[in-house]
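The next block holds one structure in the form of structure tokens; read it before the comments.
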Amino acid sequence: MTTESECTTYQGCTLLPDEGCGDACILHYDSADKDAVLFQERLEAKIKHDESDLNMGEIDLKFVVFPVDASFTDKVFTKRASFTGAQFHGWASFTGVQFNCRANFLRTKFSGEADFSNVIFQGASDFSAAEFYSVADFTFVQFQGTARFERLEFYSVAHFWGAEFHDGANFVITQFHGVVDFTTAKFLSEANFRIAKINSEANFTDAEFHEETNFTGTTIEGTMRFHSTEFPNEGSDSRVLMQRLRLSNLQGLDFESVNLSRVSFLGTDVTQARFLSCDWATRAHPIFWPIPILQWFGKRKRVVVFDELMLDEREKEGHEPERRDILLIAEVCRRLRVNFEASRQEIEAGDFFIGQMDMRQRDPKASNFTKGPLFLYRVIAIYGEAYFRPFLWYLLLAPLFAVGYWWLSTATFGDGVFAALTAGRLFTEIPTGIESWEKLLVYVNMLANILFITVFVVALRRRFHR
Ligand SMILES: [Zn+2]
């Protein structure tokens, strides 16, 4: 056999050109219009040869052009299976196939339906840059090695129902033109959907993400649904990054009954998302902060965005927080507040407002003229979110002022309390003939009372307006 006479379409091919196929063998002859019977015969011989030849490290079906339906149903590939660059003009059935070693489908073109249902990939599988023009069925597939679906195009429906990804799932820069269904799929290791594009609908209902999950930069032009989806929870080290999602033509970004305590939405316009009965990260929020002794009276958990906790953690480790991060967190909080106000979830809306204002206070570029009043406002009424608190301050400080009056004048303590509580009424007359210290105390008392009552009214109004 001389080199010149071998099939020239694919360098690794040792077959002779077939009649009517130019200088190609019938396997590599790039046409759907070829002798299907002869093709099948040659294909089977080629597989048998590669399987039995000890020098062959793989079953080499690279660049093979399948003219009609191809069936590998329930076959066991004991060597690496290479379909790189292959073209399936008809239906491609791999259902029930077991790939004991690596499976390569790089740049493979599936013009008809591709059925990979119930396949077991024991090694890595690589579908990078493949093209699926019809239905791609990966239901109940076991990806025991790394699954790579990078930069590929699903032009039609893609089913990953019940699929299990044991060692990483990579869908980076992949485009889903049709509906993609990941219902009950399990991502047991990392899942990467960075810069993917969802043109129609992606469904992750009841799917499970166990480790680091990345949707950063993903474009959603249709809908993406996470209903009862399992994400890493508060005890985990893994994160779910939904940062900078591009939502230009969004029809729906739905989170229902999902734990979002480790999800980062930095840079994503979450005003457009829908959140229903989701769990957020929380932090203990002492009601009477900052008076430590009064913290015993009650603590409630404040809902926060995950990034706020991360910021604190990094700060504890000695990293100076970056202004950009602080501003991004403030932005997410503001968007979530707008979202929750619109959906009448007042408590969450209030909590995210507190988060937003806290970030304003932590902005390294904010002047003390901004920070000072903000700090005071937080102490008195948690930025107007707590109406009971200014009222409490009013009641708590009255005895202190009363002690002052009692000490500086001849008034009894009881009179002092009455004077303290009523200081600052409209048209109050400043008592004449009193010492200047007492006068000062009355002024301070008046100002404090006016401040507390004003803040109380503002907070109460906000509560009823939401
Ligand atoms: Zn060939």
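As shown in the structure tokens, the chain order sets the letters A, B, ...; within each chain, residues go from 1, and ligands are also counted from 1 in the order they appear.
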
Listing only residues of chain A within 8 Å of ligand 1, what is the closest atom pair and its distance in Å (to one decimal) for each, using only C-alpha atoms and all ligand atoms, sorted by chain and residue number ascending, as a Markdown table?
```
| residue | atom | partner | partner_atom_place_in_ligand_line | distance |
| --- | --- | --- | --- | --- |
| A:Glu6 | CA | ligand 1 | 1 (Zn) | 7.6 |
| A:Cys7 | CA | ligand 1 | 1 (Zn) | 4.6 |
| A:Thr8 | CA | ligand 1 | 1 (Zn) | 6.7 |
| A:Thr9 | CA | ligand 1 | 1 (Zn) | 6.0 |
| A:Tyr10 | CA | ligand 1 | 1 (Zn) | 5.8 |
| A:Gly12 | CA | ligand 1 | 1 (Zn) | 7.9 |
| A:Cys13 | CA | ligand 1 | 1 (Zn) | 4.7 |
| A:Thr14 | CA | ligand 1 | 1 (Zn) | 6.7 |
| A:Leu15 | CA | ligand 1 | 1 (Zn) | 5.5 |
| A:Leu16 | CA | ligand 1 | 1 (Zn) | 7.2 |
| A:Pro17 | CA | ligand 1 | 1 (Zn) | 7.2 |
| A:Ala24 | CA | ligand 1 | 1 (Zn) | 5.5 |
| A:Cys25 | CA | ligand 1 | 1 (Zn) | 4.2 |
| A:Ile26 | CA | ligand 1 | 1 (Zn) | 6.7 |
| A:Leu27 | CA | ligand 1 | 1 (Zn) | 5.6 |
| A:His28 | CA | ligand 1 | 1 (Zn) | 4.5 |
| A:Tyr29 | CA | ligand 1 | 1 (Zn) | 7.2 |
| A:Val64 | CA | ligand 1 | 1 (Zn) | 7.6 |
```

Residues near segment 266-282 of chain A, cut-off 10 Å, only C-alpha atoms, skip fewer than 4 positions along chain, as number ranges by chain: A: 216-217, 224-228, 233-234, 241-247, 250-262, 300-309, 325, 327-340, 342-343, 345, 348, 351

The selected residues should be written to file as a PDB file, in the first residue's frame (atoms: C-alpha atoms).
```
ATOM      1  CA  THR A 216     -21.071  35.230  35.164  1.00  0.00           C
ATOM      2  CA  GLY A 217     -21.666  37.202  31.985  1.00  0.00           C
ATOM      3  CA  MET A 224     -34.142  31.173  33.038  1.00  0.00           C
ATOM      4  CA  ARG A 225     -35.928  29.330  35.785  1.00  0.00           C
ATOM      5  CA  PHE A 226     -34.606  28.114  39.131  1.00  0.00           C
ATOM      6  CA  HIS A 227     -37.477  26.481  41.016  1.00  0.00           C
ATOM      7  CA  SER A 228     -36.587  24.440  44.108  1.00  0.00           C
ATOM      8  CA  ASN A 233     -26.042  26.690  51.465  1.00  0.00           C
ATOM      9  CA  GLU A 234     -24.630  28.774  54.277  1.00  0.00           C
ATOM     10  CA  LEU A 241     -21.778  33.606  40.742  1.00  0.00           C
ATOM     11  CA  MET A 242     -24.606  35.299  38.857  1.00  0.00           C
ATOM     12  CA  GLN A 243     -22.563  38.423  38.248  1.00  0.00           C
ATOM     13  CA  ARG A 244     -23.022  40.803  35.335  1.00  0.00           C
ATOM     14  CA  LEU A 245     -25.830  38.774  33.757  1.00  0.00           C
ATOM     15  CA  ARG A 246     -26.864  40.368  30.478  1.00  0.00           C
ATOM     16  CA  LEU A 247     -30.607  40.727  30.470  1.00  0.00           C
ATOM     17  CA  LEU A 250     -35.260  39.141  29.306  1.00  0.00           C
ATOM     18  CA  GLN A 251     -38.653  37.517  29.598  1.00  0.00           C
ATOM     19  CA  GLY A 252     -38.120  36.038  33.011  1.00  0.00           C
ATOM     20  CA  LEU A 253     -35.428  35.309  35.560  1.00  0.00           C
ATOM     21  CA  ASP A 254     -37.188  33.279  38.186  1.00  0.00           C
ATOM     22  CA  PHE A 255     -36.032  32.135  41.594  1.00  0.00           C
ATOM     23  CA  GLU A 256     -38.578  30.193  43.590  1.00  0.00           C
ATOM     24  CA  SER A 257     -37.857  28.345  46.854  1.00  0.00           C
ATOM     25  CA  VAL A 258     -34.112  28.628  46.335  1.00  0.00           C
ATOM     26  CA  ASN A 259     -31.407  29.182  48.926  1.00  0.00           C
ATOM     27  CA  LEU A 260     -29.594  32.294  47.718  1.00  0.00           C
ATOM     28  CA  SER A 261     -27.322  32.667  50.728  1.00  0.00           C
ATOM     29  CA  ARG A 262     -24.163  32.023  48.657  1.00  0.00           C
ATOM     30  CA  ARG A 300     -33.384  39.481  64.777  1.00  0.00           C
ATOM     31  CA  LYS A 301     -31.672  38.281  61.679  1.00  0.00           C
ATOM     32  CA  ARG A 302     -31.285  40.856  58.966  1.00  0.00           C
ATOM     33  CA  VAL A 303     -31.394  39.687  55.383  1.00  0.00           C
ATOM     34  CA  VAL A 304     -28.185  40.601  53.553  1.00  0.00           C
ATOM     35  CA  VAL A 305     -26.605  39.940  50.197  1.00  0.00           C
ATOM     36  CA  PHE A 306     -23.885  37.303  50.182  1.00  0.00           C
ATOM     37  CA  ASP A 307     -21.268  39.822  49.020  1.00  0.00           C
ATOM     38  CA  GLU A 308     -21.715  41.888  52.174  1.00  0.00           C
ATOM     39  CA  LEU A 309     -20.710  38.883  54.274  1.00  0.00           C
ATOM     40  CA  ASP A 325     -16.856  46.331  45.561  1.00  0.00           C
ATOM     41  CA  LEU A 327     -20.377  50.489  45.397  1.00  0.00           C
ATOM     42  CA  LEU A 328     -21.368  47.303  43.571  1.00  0.00           C
ATOM     43  CA  ILE A 329     -22.826  45.835  46.756  1.00  0.00           C
ATOM     44  CA  ALA A 330     -24.714  49.076  47.390  1.00  0.00           C
ATOM     45  CA  GLU A 331     -26.080  48.831  43.846  1.00  0.00           C
ATOM     46  CA  VAL A 332     -27.264  45.223  44.296  1.00  0.00           C
ATOM     47  CA  CYS A 333     -28.914  46.187  47.593  1.00  0.00           C
ATOM     48  CA  ARG A 334     -30.671  49.124  45.936  1.00  0.00           C
ATOM     49  CA  ARG A 335     -31.928  46.967  43.073  1.00  0.00           C
ATOM     50  CA  LEU A 336     -33.146  44.289  45.454  1.00  0.00           C
ATOM     51  CA  ARG A 337     -34.916  46.935  47.533  1.00  0.00           C
ATOM     52  CA  VAL A 338     -36.681  48.251  44.426  1.00  0.00           C
ATOM     53  CA  ASN A 339     -37.602  44.693  43.464  1.00  0.00           C
ATOM     54  CA  PHE A 340     -38.961  43.805  46.910  1.00  0.00           C
ATOM     55  CA  ALA A 342     -42.569  46.410  44.007  1.00  0.00           C
ATOM     56  CA  SER A 343     -43.538  42.918  45.130  1.00  0.00           C
ATOM     57  CA  GLN A 345     -42.113  42.210  50.536  1.00  0.00           C
ATOM     58  CA  GLU A 348     -36.689  42.264  52.856  1.00  0.00           C
ATOM     59  CA  ASP A 351     -33.232  45.078  55.118  1.00  0.00           C
TER      60      ASP A 351
END
```

Best match for closeness to Ile195 of chain A among A:Leu38, A:Leu440, A:Ile173, A:Val180, counting only C-alpha atoms: A:Ile173

For atom CA of Ser128 of chain A and atom CA of Gln11 of chain A, the interatomic separation in Å (one decimal):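 Atom-to-atom, atom CA of Ser128 of chain A to atom CA of Gln11 of chain A, that is 21.6 Å.
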
Close residues, Val97 of chain A itself excluded, 7 Å, only C-alpha atoms, min 2 positions apart in chain, as a PyMOL selection string: chain A and resi 72-76+94-95+99+119-120

Go ahead and save the residues from that selection, with N, CA and C atoms, as an mmCIF file, in the first residue's frame.
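The resulting file, result_16.cif, is reproduced below:
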```cif
data_model
loop_
_atom_site.group_PDB
_atom_site.id
_atom_site.type_symbol
_atom_site.label_atom_id
_atom_site.label_comp_id
_atom_site.auth_asym_id
_atom_site.auth_seq_id
_atom_site.Cartn_x
_atom_site.Cartn_y
_atom_site.Cartn_z
ATOM 1 N N PHE A 72 -25.469 3.304 17.467
ATOM 2 C CA PHE A 72 -24.470 2.641 18.298
ATOM 3 C C PHE A 72 -25.126 2.129 19.577
ATOM 4 N N THR A 73 -26.444 2.013 19.534
ATOM 5 C CA THR A 73 -27.231 1.690 20.721
ATOM 6 C C THR A 73 -26.620 0.559 21.550
ATOM 7 N N ASP A 74 -26.455 0.828 22.854
ATOM 8 C CA ASP A 74 -25.974 -0.132 23.857
ATOM 9 C C ASP A 74 -24.563 -0.661 23.607
ATOM 10 N N LYS A 75 -23.834 -0.043 22.722
ATOM 11 C CA LYS A 75 -22.464 -0.490 22.472
ATOM 12 C C LYS A 75 -21.558 -0.106 23.650
ATOM 13 N N VAL A 76 -20.505 -0.916 23.859
ATOM 14 C CA VAL A 76 -19.506 -0.562 24.873
ATOM 15 C C VAL A 76 -18.209 -0.218 24.153
ATOM 16 N N PHE A 94 -26.931 7.037 20.285
ATOM 17 C CA PHE A 94 -25.910 6.509 21.190
ATOM 18 C C PHE A 94 -26.567 6.017 22.473
ATOM 19 N N THR A 95 -27.882 5.888 22.436
ATOM 20 C CA THR A 95 -28.594 5.585 23.681
ATOM 21 C C THR A 95 -28.072 4.304 24.335
ATOM 22 N N PHE A 99 -19.118 4.460 27.389
ATOM 23 C CA PHE A 99 -17.771 4.849 26.965
ATOM 24 C C PHE A 99 -16.841 4.602 28.148
ATOM 25 N N VAL A 119 -26.533 7.333 28.424
ATOM 26 C CA VAL A 119 -25.137 7.002 28.154
ATOM 27 C C VAL A 119 -24.337 7.102 29.448
ATOM 28 N N ILE A 120 -23.325 6.256 29.581
ATOM 29 C CA ILE A 120 -22.390 6.392 30.704
ATOM 30 C C ILE A 120 -21.025 6.764 30.141
#
```

Test item, strand (DSSP E or B) assignment across segment 249-434 of chain A, answer as a list of chain:residue names: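 Reading the DSSP output for segment 249-434 of chain A, strand (DSSP E or B) covers A:Gly252, A:Leu253, A:Asp254, A:Phe255, A:Glu256, A:Asn259, A:Val263, A:Ser264, A:Ala273, A:Arg274, A:Phe275, A:Leu276, A:Asp279, A:Ala281, A:Thr282, A:Arg283, A:Ala284, A:His285, A:Pro286, A:Lys299, A:Arg300, A:Lys301, A:Arg302, A:Val303, A:Val304.
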
Test item: residues at most 9 Å from Arg362 of chain A, only C-alpha atoms, excluding those fewer than 3 positions along its chain, as a list in words: Arg323, Ile326, Met357, Asp358, Met359, Lys365, Ala366 and Lys371 of chain A

Using only C-alpha atoms, please write the residues we just selected to a file, as a tab-separated table (two decimals), in the first residue's frame.
```
chain	number	residue	atom	x	y	z
A	323	ARG	CA	-14.39	51.02	46.83
A	326	ILE	CA	-18.60	48.52	48.12
A	357	MET	CA	-27.03	52.69	53.45
A	358	ASP	CA	-24.38	50.73	55.37
A	359	MET	CA	-22.37	50.55	52.16
A	365	LYS	CA	-14.60	58.41	49.60
A	366	ALA	CA	-17.59	59.51	51.68
A	371	LYS	CA	-20.89	59.60	57.45
```

Pairwise distance for atom CA of Tyr394 of chain A and atom CA of Ile354 of chain A, rounded to one decimal in Å: 22.1 Å
